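Pasted below: target-v7.txt, compact mmCIF, C-alpha atoms.
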# COMPACT_ATOMS: atom_id res chain seq x y z
CA MET L 1157 62.32 0.91 -89.03
CA ILE L 1158 63.08 -1.58 -86.27
CA TYR L 1159 66.02 -2.90 -88.31
CA LEU L 1160 67.46 0.59 -88.51
CA ILE L 1161 67.44 1.03 -84.72
CA LEU L 1162 68.87 -2.47 -84.26
CA THR L 1163 71.73 -1.75 -86.68
CA LEU L 1164 72.48 1.54 -84.91
CA ILE L 1165 72.66 -0.07 -81.45
CA LEU L 1166 74.84 -2.95 -82.70
CA SER L 1167 77.26 -0.55 -84.41
CA LEU L 1168 77.66 1.57 -81.29
CA VAL L 1169 78.36 -1.43 -79.09
CA MET L 1170 80.89 -2.77 -81.60
CA LEU L 1171 82.80 0.51 -81.78
CA VAL L 1172 82.88 0.92 -77.99
CA GLY L 1173 84.13 -2.67 -77.63
CA ALA L 1174 86.88 -2.15 -80.23
CA VAL L 1175 88.19 1.02 -78.55
CA MET L 1176 88.15 -0.73 -75.18
CA ALA L 1177 90.07 -3.71 -76.59
CA ILE L 1178 92.92 -1.47 -77.73
CA HIS L 1179 92.94 0.92 -74.80
CA HIS L 1180 92.44 -1.05 -71.59
CA PRO L 1181 95.63 -1.87 -69.64
CA LYS L 1182 94.66 -5.37 -68.50
CA LEU L 1183 95.06 -8.06 -71.16
CA SER L 1184 92.20 -10.39 -70.16
CA VAL L 1185 89.63 -7.58 -70.46
CA ALA L 1186 91.03 -6.64 -73.89
CA VAL L 1187 90.73 -10.21 -75.21
CA ILE L 1188 87.13 -10.53 -74.04
CA ALA L 1189 86.25 -7.16 -75.61
CA ALA L 1190 87.63 -8.34 -78.97
CA GLY L 1191 85.52 -11.52 -78.63
CA SER L 1192 82.43 -9.39 -78.04
CA VAL L 1193 83.16 -7.38 -81.23
CA SER L 1194 83.06 -10.67 -83.17
CA LEU L 1195 79.82 -11.70 -81.46
CA PHE L 1196 77.96 -8.50 -82.33
CA ALA L 1197 79.35 -8.61 -85.87
CA SER L 1198 77.73 -12.05 -86.19
CA VAL L 1199 74.31 -10.60 -85.25
CA LEU L 1200 74.90 -7.74 -87.74
CA PHE L 1201 75.53 -10.29 -90.48
CA LEU L 1202 72.16 -11.89 -89.71
CA VAL L 1203 70.36 -8.54 -90.01
CA LEU L 1204 72.09 -8.05 -93.41
CA ALA L 1205 70.50 -11.32 -94.73
CA ALA L 1206 73.60 -13.57 -94.63
CA PRO L 1207 72.92 -16.59 -92.34
CA ASP L 1208 75.88 -18.72 -93.54
CA VAL L 1209 78.39 -16.00 -92.75
CA ALA L 1210 76.77 -15.34 -89.34
CA MET L 1211 77.13 -18.98 -88.32
CA THR L 1212 80.77 -19.12 -89.41
CA GLU L 1213 81.72 -15.89 -87.65
CA ALA L 1214 80.03 -16.94 -84.41
CA ALA L 1215 81.73 -20.35 -84.30
CA ILE L 1216 85.21 -19.39 -85.49
CA GLY L 1217 85.70 -15.70 -84.71
CA SER L 1218 84.03 -15.55 -81.34
CA GLY L 1219 84.68 -19.03 -80.00
CA LEU L 1220 87.96 -20.52 -81.17
CA SER L 1221 89.94 -17.28 -81.52
CA THR L 1222 89.29 -16.21 -77.90
CA ILE L 1223 90.26 -19.66 -76.59
CA ILE L 1224 93.60 -19.56 -78.42
CA PHE L 1225 94.38 -16.13 -76.96
CA PHE L 1226 93.69 -17.40 -73.44
CA TYR L 1227 95.94 -20.43 -73.93
CA VAL L 1228 98.86 -18.17 -74.85
CA LEU L 1229 98.19 -15.77 -71.95
CA ASN L 1230 98.13 -18.71 -69.53
CA LYS L 1231 101.45 -20.01 -70.83
CA ILE L 1232 103.10 -16.61 -70.45
CA LYS L 1233 101.83 -16.24 -66.89
CA ARG L 1234 103.04 -19.74 -66.03
CA GLU L 1235 106.54 -19.03 -67.34
CA ASN L 1236 106.57 -15.77 -65.45
CA ASP L 1237 105.69 -17.52 -62.20
CA THR L 1238 108.28 -20.26 -62.32
CA GLN L 1239 111.18 -17.83 -62.49
CA MET G 1076 106.83 13.33 -81.48
CA ILE G 1077 107.62 12.97 -85.18
CA ARG G 1078 106.32 9.40 -85.00
CA ASN G 1079 102.99 10.42 -83.50
CA SER G 1080 102.38 13.15 -86.06
CA LEU G 1081 103.27 10.77 -88.92
CA ILE G 1082 100.75 8.24 -87.59
CA ILE G 1083 98.06 10.92 -87.41
CA VAL G 1084 98.81 12.02 -90.99
CA LEU G 1085 98.58 8.43 -92.22
CA LEU G 1086 95.26 7.81 -90.45
CA ALA G 1087 93.82 11.09 -91.76
CA GLY G 1088 94.84 10.15 -95.31
CA LEU G 1089 93.18 6.75 -94.99
CA ALA G 1090 90.04 8.34 -93.54
CA ALA G 1091 89.87 10.71 -96.53
CA ILE G 1092 90.14 7.79 -98.97
CA PHE G 1093 87.44 5.87 -97.10
CA TYR G 1094 85.16 8.91 -97.08
CA GLY G 1095 85.56 9.21 -100.83
CA LEU G 1096 84.61 5.56 -101.27
CA PHE G 1097 81.65 5.91 -98.89
CA SER G 1098 80.14 8.92 -100.62
CA ASN G 1099 80.27 7.21 -104.01
CA TYR G 1100 78.19 4.28 -102.83
CA HIS G 1101 74.52 4.48 -103.77
CA GLY G 1102 72.65 1.41 -102.59
CA THR G 1103 72.08 -1.37 -105.10
CA GLU G 1104 68.60 -1.85 -106.48
CA LYS G 1105 69.16 -4.72 -108.89
CA PRO G 1106 71.75 -7.49 -108.83
CA ASN G 1107 74.68 -7.06 -111.17
CA GLN G 1108 75.49 -9.30 -114.12
CA LEU G 1109 77.39 -12.06 -112.30
CA ALA G 1110 74.75 -12.38 -109.56
CA SER G 1111 71.93 -12.59 -112.05
CA TYR G 1112 73.82 -15.34 -113.87
CA TYR G 1113 74.18 -17.38 -110.67
CA THR G 1114 70.57 -16.86 -109.56
CA ALA G 1115 68.88 -17.40 -112.94
CA GLU G 1116 66.42 -20.23 -112.93
CA GLU G 1117 68.06 -22.52 -115.44
CA ASN G 1118 71.41 -22.31 -113.66
CA ILE G 1119 69.78 -23.15 -110.31
CA ASN G 1120 68.22 -26.22 -111.90
CA ALA G 1121 71.53 -27.18 -113.50
CA VAL G 1122 73.35 -27.34 -110.14
CA ASN G 1123 70.20 -28.32 -108.18
CA SER G 1124 71.26 -27.07 -104.75
CA ALA G 1125 68.81 -25.11 -102.60
CA ASN G 1126 71.49 -23.11 -100.80
CA LEU G 1127 72.94 -20.73 -103.38
CA VAL G 1128 76.05 -19.82 -101.35
CA THR G 1129 76.96 -23.53 -101.19
CA ALA G 1130 76.60 -23.79 -104.95
CA VAL G 1131 78.99 -20.87 -105.41
CA VAL G 1132 81.57 -22.12 -102.89
CA VAL G 1133 81.71 -25.75 -103.97
CA THR G 1134 81.10 -25.78 -107.73
CA TYR G 1135 81.42 -22.36 -109.33
CA ARG G 1136 84.37 -21.17 -107.20
CA GLY G 1137 85.64 -24.59 -106.17
CA PHE G 1138 89.23 -23.76 -106.99
CA ASP G 1139 89.32 -21.05 -104.31
CA THR G 1140 88.13 -23.64 -101.78
CA LEU G 1141 91.06 -25.85 -102.78
CA GLY G 1142 93.42 -22.92 -102.11
CA GLU G 1143 91.90 -22.28 -98.71
CA VAL G 1144 92.20 -25.94 -97.70
CA THR G 1145 95.89 -25.79 -98.66
CA ILE G 1146 96.46 -22.65 -96.55
CA LEU G 1147 94.82 -24.27 -93.51
CA PHE G 1148 97.01 -27.34 -93.92
CA ILE G 1149 100.20 -25.26 -94.10
CA THR G 1150 99.16 -23.26 -91.01
CA ALA G 1151 98.41 -26.35 -88.93
CA SER G 1152 101.72 -27.99 -89.85
CA ILE G 1153 103.76 -24.83 -89.07
CA VAL G 1154 102.11 -24.49 -85.65
CA GLY G 1155 102.77 -28.17 -84.91
CA PHE G 1156 106.40 -27.74 -85.95
CA PHE G 1157 107.06 -24.68 -83.81
CA MET G 1158 105.30 -25.69 -80.63
CA LYS G 1159 107.94 -28.07 -79.32
CA GLY G 1160 110.04 -26.89 -76.43
CA LYS G 1161 112.63 -28.87 -74.56
CA VAL G 1162 111.00 -32.14 -73.79
CA LYS G 1163 109.94 -32.39 -70.17
CA PRO G 1164 109.64 -35.82 -68.54
CA LYS G 1165 106.14 -37.13 -68.46
CA GLU G 1166 104.83 -35.55 -65.31
CA GLN G 1167 101.41 -34.06 -65.10
CA ARG G 1168 101.11 -30.40 -64.36
CA ALA G 1169 99.41 -29.36 -61.16
CA VAL G 1170 95.99 -28.21 -62.15
CA ARG G 1171 93.16 -27.05 -60.01
CA GLU G 1172 90.37 -29.57 -59.70
CA THR G 1173 87.62 -28.84 -62.18
CA SER G 1174 84.24 -27.96 -60.78
CA GLU G 1175 81.54 -30.60 -60.72
CA ILE G 1176 79.13 -28.62 -62.88
CA LEU G 1177 81.63 -28.48 -65.74
CA ALA G 1178 82.51 -32.17 -65.51
CA THR G 1179 78.88 -33.32 -65.49
CA ALA G 1180 77.80 -30.93 -68.22
CA THR G 1181 80.66 -32.09 -70.45
CA LYS G 1182 79.51 -35.69 -70.28
CA VAL G 1183 76.01 -34.65 -71.36
CA LEU G 1184 76.87 -32.03 -73.97
CA VAL G 1185 79.75 -33.50 -76.01
CA PRO G 1186 77.69 -36.18 -77.86
CA VAL G 1187 75.05 -33.54 -78.66
CA PHE G 1188 77.73 -31.22 -80.10
CA ILE G 1189 79.20 -33.91 -82.31
CA MET G 1190 75.80 -34.95 -83.66
CA PHE G 1191 74.94 -31.30 -84.32
CA GLY G 1192 78.21 -30.79 -86.17
CA ILE G 1193 77.61 -33.82 -88.40
CA TYR G 1194 74.03 -32.64 -89.06
CA ILE G 1195 75.24 -29.20 -90.19
CA MET G 1196 77.87 -30.81 -92.45
CA ILE G 1197 75.51 -33.17 -94.21
CA ASN G 1198 72.68 -30.65 -94.74
CA GLY G 1199 74.93 -28.02 -96.30
CA HIS G 1200 72.97 -27.85 -99.52
CA LEU G 1201 69.52 -27.40 -97.95
CA THR G 1202 69.85 -25.06 -94.96
CA PRO G 1203 72.51 -22.53 -93.94
CA GLY G 1204 75.59 -24.44 -92.99
CA GLY G 1205 78.14 -26.62 -94.65
CA GLY G 1206 81.60 -27.97 -94.11
CA PHE G 1207 83.34 -25.05 -92.43
CA GLN G 1208 80.65 -24.47 -89.84
CA GLY G 1209 80.36 -28.19 -89.01
CA GLY G 1210 84.12 -28.51 -88.63
CA ALA G 1211 84.24 -25.53 -86.27
CA VAL G 1212 81.47 -27.04 -84.10
CA ILE G 1213 83.36 -30.35 -83.86
CA ALA G 1214 86.54 -28.49 -82.86
CA SER G 1215 84.51 -26.67 -80.16
CA SER G 1216 83.48 -30.01 -78.69
CA VAL G 1217 87.16 -31.03 -78.49
CA VAL G 1218 87.87 -27.72 -76.69
CA LEU G 1219 85.16 -28.54 -74.14
CA LEU G 1220 86.75 -31.93 -73.49
CA LEU G 1221 90.17 -30.34 -73.05
CA LEU G 1222 88.84 -27.70 -70.66
CA SER G 1223 87.20 -30.18 -68.32
CA ASN G 1224 90.17 -32.53 -68.19
CA PRO G 1225 93.42 -30.71 -68.97
CA ASN G 1226 95.63 -33.77 -68.67
CA MET G 1227 93.85 -35.66 -71.39
CA LYS G 1228 95.93 -36.73 -74.36
CA ILE G 1229 94.04 -36.57 -77.62
CA ASN G 1230 94.63 -39.26 -80.20
CA ARG G 1231 96.97 -37.58 -82.69
CA THR G 1232 97.20 -40.53 -85.04
CA LEU G 1233 93.46 -40.71 -85.58
CA PHE G 1234 93.14 -37.01 -86.40
CA THR G 1235 96.15 -37.02 -88.71
CA VAL G 1236 94.94 -40.07 -90.65
CA LEU G 1237 91.42 -38.62 -90.91
CA GLU G 1238 92.75 -35.31 -92.19
CA SER G 1239 94.98 -36.90 -94.83
CA ILE G 1240 92.24 -39.20 -96.12
CA SER G 1241 89.78 -36.29 -96.37
CA GLY G 1242 92.25 -34.09 -98.24
CA VAL G 1243 93.11 -36.80 -100.73
CA GLY G 1244 89.43 -37.69 -101.15
CA PHE G 1245 88.55 -34.08 -101.95
CA VAL G 1246 91.14 -33.87 -104.71
CA VAL G 1247 90.19 -37.31 -106.09
CA VAL G 1248 86.50 -36.32 -106.37
CA GLY G 1249 87.59 -33.18 -108.20
CA ILE G 1250 89.69 -35.13 -110.68
CA ILE G 1251 86.85 -37.61 -111.27
CA GLY G 1252 84.83 -34.53 -112.24
CA ILE G 1253 87.39 -33.75 -114.96
CA ILE G 1254 87.26 -37.30 -116.34
CA LEU G 1255 83.54 -37.96 -116.24
CA ALA G 1256 81.83 -34.53 -116.47
CA GLY G 1257 82.44 -30.89 -117.34
CA GLY G 1258 85.43 -29.77 -115.26
CA PHE G 1259 87.16 -29.75 -111.89
CA LEU G 1260 84.73 -30.33 -108.99
CA ASP G 1261 81.70 -30.66 -111.23
CA ASN G 1262 78.82 -32.15 -109.32
CA ARG G 1263 77.08 -33.88 -112.20
CA ILE G 1264 79.02 -37.11 -111.64
CA MET G 1265 76.27 -38.40 -109.36
CA GLU G 1266 72.64 -38.15 -110.16
CA MET G 1267 70.72 -35.03 -109.32
CA GLY G 1268 67.54 -35.58 -107.38
CA LYS G 1269 64.65 -33.28 -106.71
CA LEU G 1270 65.44 -29.76 -105.57
CA GLY G 1271 65.15 -29.66 -101.79
CA SER G 1272 65.41 -33.29 -100.76
CA LEU G 1273 68.36 -34.76 -98.90
CA LEU G 1274 69.79 -36.91 -101.71
CA SER G 1275 69.99 -34.14 -104.27
CA ALA G 1276 72.62 -31.87 -105.82
CA GLY G 1277 74.89 -34.61 -107.11
CA ALA G 1278 78.26 -34.80 -105.39
CA ILE G 1279 77.92 -31.65 -103.22
CA PRO G 1280 77.18 -33.49 -99.90
CA ILE G 1281 80.20 -35.75 -100.44
CA ILE G 1282 82.56 -32.88 -101.25
CA TYR G 1283 81.36 -30.79 -98.31
CA SER G 1284 81.64 -33.73 -95.90
CA PHE G 1285 85.27 -34.22 -96.91
CA ILE G 1286 85.97 -30.52 -96.36
CA GLY G 1287 84.18 -30.56 -92.99
CA LEU G 1288 86.12 -33.58 -91.71
CA LYS G 1289 89.39 -32.02 -92.81
CA VAL G 1290 88.72 -28.65 -91.16
CA GLY G 1291 87.47 -30.29 -87.95
CA SER G 1292 90.47 -32.56 -87.47
CA GLU G 1293 92.93 -29.79 -88.38
CA LEU G 1294 91.51 -27.38 -85.81
CA SER G 1295 91.51 -30.16 -83.20
CA ASN G 1296 95.21 -30.80 -83.84
CA LEU G 1297 95.89 -27.07 -83.53
CA LEU G 1298 94.11 -26.86 -80.18
CA GLY G 1299 95.87 -29.99 -78.92
CA ASP G 1300 99.21 -28.35 -79.71
CA PHE G 1301 98.25 -25.25 -77.76
CA ASN G 1302 97.20 -27.41 -74.84
CA GLU G 1303 100.32 -29.53 -74.71
CA VAL G 1304 102.67 -26.57 -74.77
CA GLN G 1305 101.48 -25.70 -71.26
CA ASN G 1306 103.35 -28.73 -69.93
CA GLU G 1307 106.73 -28.02 -71.38
CA ILE G 1308 109.55 -25.86 -70.16
CA MET Q 620 70.72 0.34 -93.26
CA GLU Q 621 73.63 -0.74 -95.35
CA TYR Q 622 75.10 2.77 -95.05
CA ILE Q 623 75.36 2.41 -91.28
CA SER Q 624 77.09 -0.96 -91.47
CA LEU Q 625 79.44 0.27 -94.21
CA ALA Q 626 80.48 3.21 -92.00
CA THR Q 627 80.94 0.83 -89.05
CA GLY Q 628 83.19 -1.39 -91.14
CA PHE Q 629 85.35 1.56 -92.23
CA LEU Q 630 85.66 2.79 -88.62
CA LEU Q 631 86.63 -0.69 -87.39
CA VAL Q 632 89.41 -0.83 -90.01
CA LEU Q 633 90.71 2.56 -88.84
CA ILE Q 634 90.62 1.51 -85.17
CA GLY Q 635 92.50 -1.69 -86.04
CA ILE Q 636 95.25 0.19 -87.90
CA TRP Q 637 95.56 2.68 -85.02
CA GLY Q 638 95.96 -0.23 -82.60
CA ILE Q 639 98.68 -1.88 -84.71
CA LEU Q 640 100.73 1.30 -85.05
CA THR Q 641 100.63 2.73 -81.53
CA ARG Q 642 100.66 -0.14 -79.05
CA LYS Q 643 103.83 -1.67 -77.62
CA ASN Q 644 102.58 -4.97 -76.25
CA LEU Q 645 102.70 -7.83 -78.77
CA ILE Q 646 99.31 -9.23 -77.76
CA LYS Q 647 97.67 -5.83 -78.33
CA ILE Q 648 99.13 -5.68 -81.84
CA ILE Q 649 97.64 -9.11 -82.59
CA LEU Q 650 94.25 -7.93 -81.24
CA GLY Q 651 94.49 -4.99 -83.64
CA PHE Q 652 94.91 -7.42 -86.53
CA THR Q 653 91.80 -9.34 -85.41
CA ILE Q 654 89.66 -6.20 -85.31
CA PHE Q 655 90.98 -5.20 -88.76
CA ASP Q 656 89.86 -8.59 -90.18
CA THR Q 657 86.38 -8.30 -88.66
CA GLY Q 658 85.95 -4.80 -90.10
CA LEU Q 659 86.89 -5.96 -93.59
CA ASN Q 660 84.35 -8.78 -93.46
CA VAL Q 661 81.59 -6.34 -92.41
CA ILE Q 662 82.44 -4.10 -95.39
CA LEU Q 663 82.26 -7.01 -97.85
CA VAL Q 664 78.93 -8.33 -96.61
CA SER Q 665 77.28 -4.91 -96.54
CA ILE Q 666 78.16 -4.30 -100.21
CA ALA Q 667 76.25 -7.46 -101.12
CA TYR Q 668 72.95 -6.18 -99.71
CA ILE Q 669 70.11 -5.39 -102.13
CA LYS Q 670 67.21 -3.31 -100.88
CA GLY Q 671 64.30 -5.48 -99.80
CA GLY Q 672 66.23 -8.69 -100.43
CA THR Q 673 66.17 -11.90 -98.44
CA ALA Q 674 68.62 -14.69 -97.70
CA PRO Q 675 69.86 -16.71 -100.73
CA ILE Q 676 68.17 -20.01 -99.85
CA ILE Q 677 65.35 -21.59 -101.86
CA ASP Q 678 62.54 -23.01 -99.77
CA SER Q 679 58.80 -22.51 -99.39
CA THR Q 680 58.99 -18.70 -99.26
CA VAL Q 681 61.31 -18.12 -102.23
CA SER Q 682 60.83 -20.40 -105.21
CA ALA Q 683 63.36 -21.00 -107.95
CA ALA Q 684 61.46 -18.97 -110.52
CA ASP Q 685 61.58 -15.60 -108.78
CA ALA Q 686 64.91 -16.13 -107.04
CA SER Q 687 66.75 -13.67 -109.24
CA SER Q 688 64.57 -10.75 -108.21
CA ARG Q 689 64.26 -11.24 -104.47
CA VAL Q 690 67.56 -12.62 -103.30
CA VAL Q 691 70.71 -10.79 -102.21
CA ASP Q 692 74.00 -11.26 -104.02
CA PRO Q 693 75.58 -14.63 -103.07
CA VAL Q 694 79.12 -14.09 -104.41
CA PRO Q 695 80.58 -11.76 -101.69
CA GLN Q 696 79.13 -14.05 -99.02
CA ALA Q 697 81.12 -16.96 -100.45
CA LEU Q 698 84.30 -14.84 -100.41
CA VAL Q 699 83.75 -13.80 -96.76
CA LEU Q 700 83.27 -17.46 -95.76
CA THR Q 701 86.79 -18.19 -96.94
CA ALA Q 702 88.23 -15.01 -95.44
CA ILE Q 703 86.99 -15.74 -91.90
CA VAL Q 704 88.67 -19.16 -91.77
CA ILE Q 705 91.95 -17.78 -93.13
CA GLY Q 706 91.83 -15.00 -90.52
CA LEU Q 707 91.76 -17.63 -87.78
CA GLY Q 708 94.77 -19.39 -89.32
CA VAL Q 709 96.79 -16.17 -89.46
CA THR Q 710 95.91 -15.33 -85.81
CA ALA Q 711 97.05 -18.77 -84.63
CA LEU Q 712 100.34 -18.40 -86.51
CA MET Q 713 101.00 -14.91 -85.07
CA LEU Q 714 100.36 -16.16 -81.54
CA THR Q 715 102.86 -19.00 -82.06
CA TYR Q 716 105.52 -16.48 -83.10
CA ALA Q 717 104.70 -14.31 -80.06
CA LEU Q 718 105.25 -17.31 -77.77
CA LYS Q 719 108.63 -18.09 -79.37
CA LEU Q 720 109.71 -14.45 -79.04
CA TYR Q 721 108.72 -14.44 -75.38
CA ARG Q 722 110.77 -17.57 -74.75
CA SER Q 723 113.91 -16.01 -76.19
CA LYS Q 724 113.87 -12.68 -74.37
CA GLN Q 725 111.34 -12.98 -71.51
CA THR Q 726 109.53 -9.80 -72.46
CA LEU Q 727 106.56 -8.88 -74.63
CA ASP Q 728 107.61 -5.30 -75.30
CA ILE Q 729 108.31 -4.76 -78.96
CA ASP Q 730 110.96 -2.07 -78.30
CA GLN Q 731 113.31 -4.67 -76.81
CA PHE Q 732 113.67 -6.65 -80.03
CA LYS Q 733 116.44 -4.71 -81.69
CA ASP Q 734 118.24 -7.46 -83.57
CA LEU Q 735 117.12 -6.42 -87.04
CA LYS Q 736 117.65 -2.67 -86.65
CA TRP Q 737 120.61 -1.21 -88.44
Rendering of file as structure tokens:
Amino acid sequence: MIYLILTLILSLVMLVGAVMAIHHPKLSVAVIAAGSVSLFASVLFLVLAAPDVAMTEAAIGSGLSTIIFFYVLNKIKRENDTQ
Amino acid sequence: MIRNSLIIVLLAGLAAIFYGLFSNYHGTEKPNQLASYYTAEENINAVNSANLVTAVVVTYRGFDTLGEVTILFITASIVGFFMKGKVKPKEQRAVRETSEILATATKVLVPVFIMFGIYIMINGHLTPGGGFQGGAVIASSVVLLLLSNPNMKINRTLFTVLESISGVGFVVVGIIGIILAGGFLDNRIMEMGKLGSLLSAGAIPIIYSFIGLKVGSELSNLLGDFNEVQNEI
Amino acid sequence: MEYISLATGFLLVLIGIWGILTRKNLIKIILGFTIFDTGLNVILVSIAYIKGGTAPIIDSTVSAADASSRVVDPVPQALVLTAIVIGLGVTALMLTYALKLYRSKQTLDIDQFKDLKW
């Protein structure tokens, strides 16, 4: 019973985060919302009895992917400023 | 106008297909034939690894792991090839001074991260973990070093040599499996121990350590490329 | 419980495809691809769930003899492990191409790149 409520809350937060990632006009907020979708998907994998997949998704999807997006955004802002 | 209505028609069609798939799914009560083959007792004792997902990834479906390692290698080399702008003379970019909390915490946390990554890699056949997770943790420690000191130059030669040796080692262990035992990436070439102890499951710790080293050094090279492109024109 | 996560996975795939088709900024299109990948992985892992099953690791709670009746399916979990790492590789490659496109035309709007239109 408790797992059912937990799954419901996680799914709602993931869907709200995904819509915000596509819809929000600022780019930094959108990138962080996509990172939070990956983070809550990792907890959902743990509730579905898959600990290997949860560890991989947390390290790669939520950590490294967000960092690479921020490197590219910083480079674009820097080229915009030096013109 | 036409474009928006076509997009809505496409999404509605996909939603109808997904609803058809969703309503045909009754939950599974018993594992199907392939899963009951992989989790039968005599097959667990033949491979002798306590983590069943590791046994599937490294020995039963080892050829798919070889394909994935190839795809990662191609990706890292394409990114390294494209990320070269016009070469700027060696001046450092003007960065803001990093805060003292980040600099002190980096000195304390980076050795802990690297030890944790090596621990996850070696214990891949006993607890959840393995090569991919350990490699990602080691790449995260390199990211922490790059964030606290953006003008640091990472040692490209070391990571490239490490990656090449690990890739070649992985293929060589697989070919030794063809010569000495049943097939490609068979783990019976070294002796099996007792189920659940550290020195068990034949060659699985060695294969997974090679994969972990390769993934870790590849992702570190990728992040170093993304960091050095900030300096160029 | 697996019905809820299966429906979430399908909805994430639909949101990702909507984001790819309607947005004009290149970075938003790449974010749509990332959400699409995460949704697909959720679908694959929730098909592998068996009612009342536990994680596929043999230790003091699950012994090797009754592993085949209490453990969830390990094969889709191995496939998702590979798929997550390849998703990261594809995202890094797409971001490299976005940076090269920005350097050539100084804009991230996809309507300005008209070189391949007839």
#### Entry: Separation of CA of Gly1299 in chain G from CA of Phe732 in chain Q in Å
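That distance, rounded to one decimal, is 29.4 Å.
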### Task
Starting from the point (70.6, -17.1, -101.5), work out which residues of protein, DNA or RNA have an atom no more than 7 Å away when counting only C-alpha atoms; state them as an MDAnalysis selection string.
(chainID G and resid 1126:1128) or (chainID Q and resid 674:677 690:691 693)
## Note on the structure
The residue from G:Val1218, G:Ala1130, G:Ala1151, G:Leu1177 with the smallest atom-to-atom distance to Pro1203 in chain G, counting all atoms listed in the file, is G:Ala1130
### Query
Hey, can you pull every residue with an atom no more than 12 Å from (83.7, -19.6, -78.8), using all atoms listed in the file, and send it as an MDAnalysis selection string?
(chainID L and resid 1188 1190:1192 1194:1195 1211:1226) or (chainID G and resid 1211:1219)
Keeping only C-alpha atoms, write the selected residues as a compact mmCIF listing (two decimals), in the frame of the given file.
# COMPACT_ATOMS: atom_id res chain seq x y z
CA ILE L 1188 87.13 -10.53 -74.04
CA ALA L 1190 87.63 -8.34 -78.97
CA GLY L 1191 85.52 -11.52 -78.63
CA SER L 1192 82.43 -9.39 -78.04
CA SER L 1194 83.06 -10.67 -83.17
CA LEU L 1195 79.82 -11.70 -81.46
CA MET L 1211 77.13 -18.98 -88.32
CA THR L 1212 80.77 -19.12 -89.41
CA GLU L 1213 81.72 -15.89 -87.65
CA ALA L 1214 80.03 -16.94 -84.41
CA ALA L 1215 81.73 -20.35 -84.30
CA ILE L 1216 85.21 -19.39 -85.49
CA GLY L 1217 85.70 -15.70 -84.71
CA SER L 1218 84.03 -15.55 -81.34
CA GLY L 1219 84.68 -19.03 -80.00
CA LEU L 1220 87.96 -20.52 -81.17
CA SER L 1221 89.94 -17.28 -81.52
CA THR L 1222 89.29 -16.21 -77.90
CA ILE L 1223 90.26 -19.66 -76.59
CA ILE L 1224 93.60 -19.56 -78.42
CA PHE L 1225 94.38 -16.13 -76.96
CA PHE L 1226 93.69 -17.40 -73.44
CA ALA G 1211 84.24 -25.53 -86.27
CA VAL G 1212 81.47 -27.04 -84.10
CA ILE G 1213 83.36 -30.35 -83.86
CA ALA G 1214 86.54 -28.49 -82.86
CA SER G 1215 84.51 -26.67 -80.16
CA SER G 1216 83.48 -30.01 -78.69
CA VAL G 1217 87.16 -31.03 -78.49
CA VAL G 1218 87.87 -27.72 -76.69
CA LEU G 1219 85.16 -28.54 -74.14
List as a PDB file with C-alpha atoms, in the frame of the given file the protein and nucleic acid residues near Leu700 in chain Q, meaning an atom at most 8 Å away when only C-alpha atoms are counted, but skip any in the same chain fewer than 2 places from it.
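Dumped to selection31.pdb:
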ATOM      1  CA  ASP L1208      75.880 -18.720 -93.540  1.00  0.00           C
ATOM      2  CA  VAL L1209      78.390 -16.000 -92.750  1.00  0.00           C
ATOM      3  CA  THR L1212      80.770 -19.120 -89.410  1.00  0.00           C
TER       4      THR L1212
ATOM      5  CA  GLN Q 696      79.130 -14.050 -99.020  1.00  0.00           C
ATOM      6  CA  ALA Q 697      81.120 -16.960-100.450  1.00  0.00           C
ATOM      7  CA  LEU Q 698      84.300 -14.840-100.410  1.00  0.00           C
ATOM      8  CA  ALA Q 702      88.230 -15.010 -95.440  1.00  0.00           C
ATOM      9  CA  ILE Q 703      86.990 -15.740 -91.900  1.00  0.00           C
ATOM     10  CA  VAL Q 704      88.670 -19.160 -91.770  1.00  0.00           C
TER      11      VAL Q 704
END
Up to 8 Å from chain Q, what residues of chain G turn up? Count all atoms listed in the file and give them as a short mmCIF file (atom, residue, chain, number, x, y, z; two decimals) with C-alpha atoms, in the frame of the given file.
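Generated file (out30.cif):
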data_model
loop_
_atom_site.label_atom_id
_atom_site.label_comp_id
_atom_site.auth_asym_id
_atom_site.auth_seq_id
_atom_site.Cartn_x
_atom_site.Cartn_y
_atom_site.Cartn_z
CA ILE G 1082 100.75 8.24 -87.59
CA LEU G 1086 95.26 7.81 -90.45
CA LEU G 1089 93.18 6.75 -94.99
CA ALA G 1090 90.04 8.34 -93.54
CA PHE G 1093 87.44 5.87 -97.10
CA PHE G 1097 81.65 5.91 -98.89
CA GLY G 1102 72.65 1.41 -102.59
CA THR G 1103 72.08 -1.37 -105.10
CA GLU G 1104 68.60 -1.85 -106.48
CA LYS G 1105 69.16 -4.72 -108.89
CA PRO G 1106 71.75 -7.49 -108.83
CA ALA G 1110 74.75 -12.38 -109.56
CA SER G 1111 71.93 -12.59 -112.05
CA THR G 1114 70.57 -16.86 -109.56
CA ALA G 1115 68.88 -17.40 -112.94
CA GLU G 1116 66.42 -20.23 -112.93
CA ILE G 1119 69.78 -23.15 -110.31
CA ALA G 1125 68.81 -25.11 -102.60
CA ASN G 1126 71.49 -23.11 -100.80
CA LEU G 1127 72.94 -20.73 -103.38
CA VAL G 1128 76.05 -19.82 -101.35
CA THR G 1129 76.96 -23.53 -101.19
CA VAL G 1131 78.99 -20.87 -105.41
CA VAL G 1132 81.57 -22.12 -102.89
CA THR G 1140 88.13 -23.64 -101.78
CA GLU G 1143 91.90 -22.28 -98.71
CA ILE G 1146 96.46 -22.65 -96.55
CA LEU G 1147 94.82 -24.27 -93.51
CA THR G 1150 99.16 -23.26 -91.01
CA ALA G 1151 98.41 -26.35 -88.93
CA ILE G 1153 103.76 -24.83 -89.07
CA VAL G 1154 102.11 -24.49 -85.65
CA PHE G 1157 107.06 -24.68 -83.81
CA MET G 1158 105.30 -25.69 -80.63
CA LEU G 1201 69.52 -27.40 -97.95
CA THR G 1202 69.85 -25.06 -94.96
CA PRO G 1203 72.51 -22.53 -93.94
CA PHE G 1207 83.34 -25.05 -92.43
CA GLY G 1271 65.15 -29.66 -101.79
#
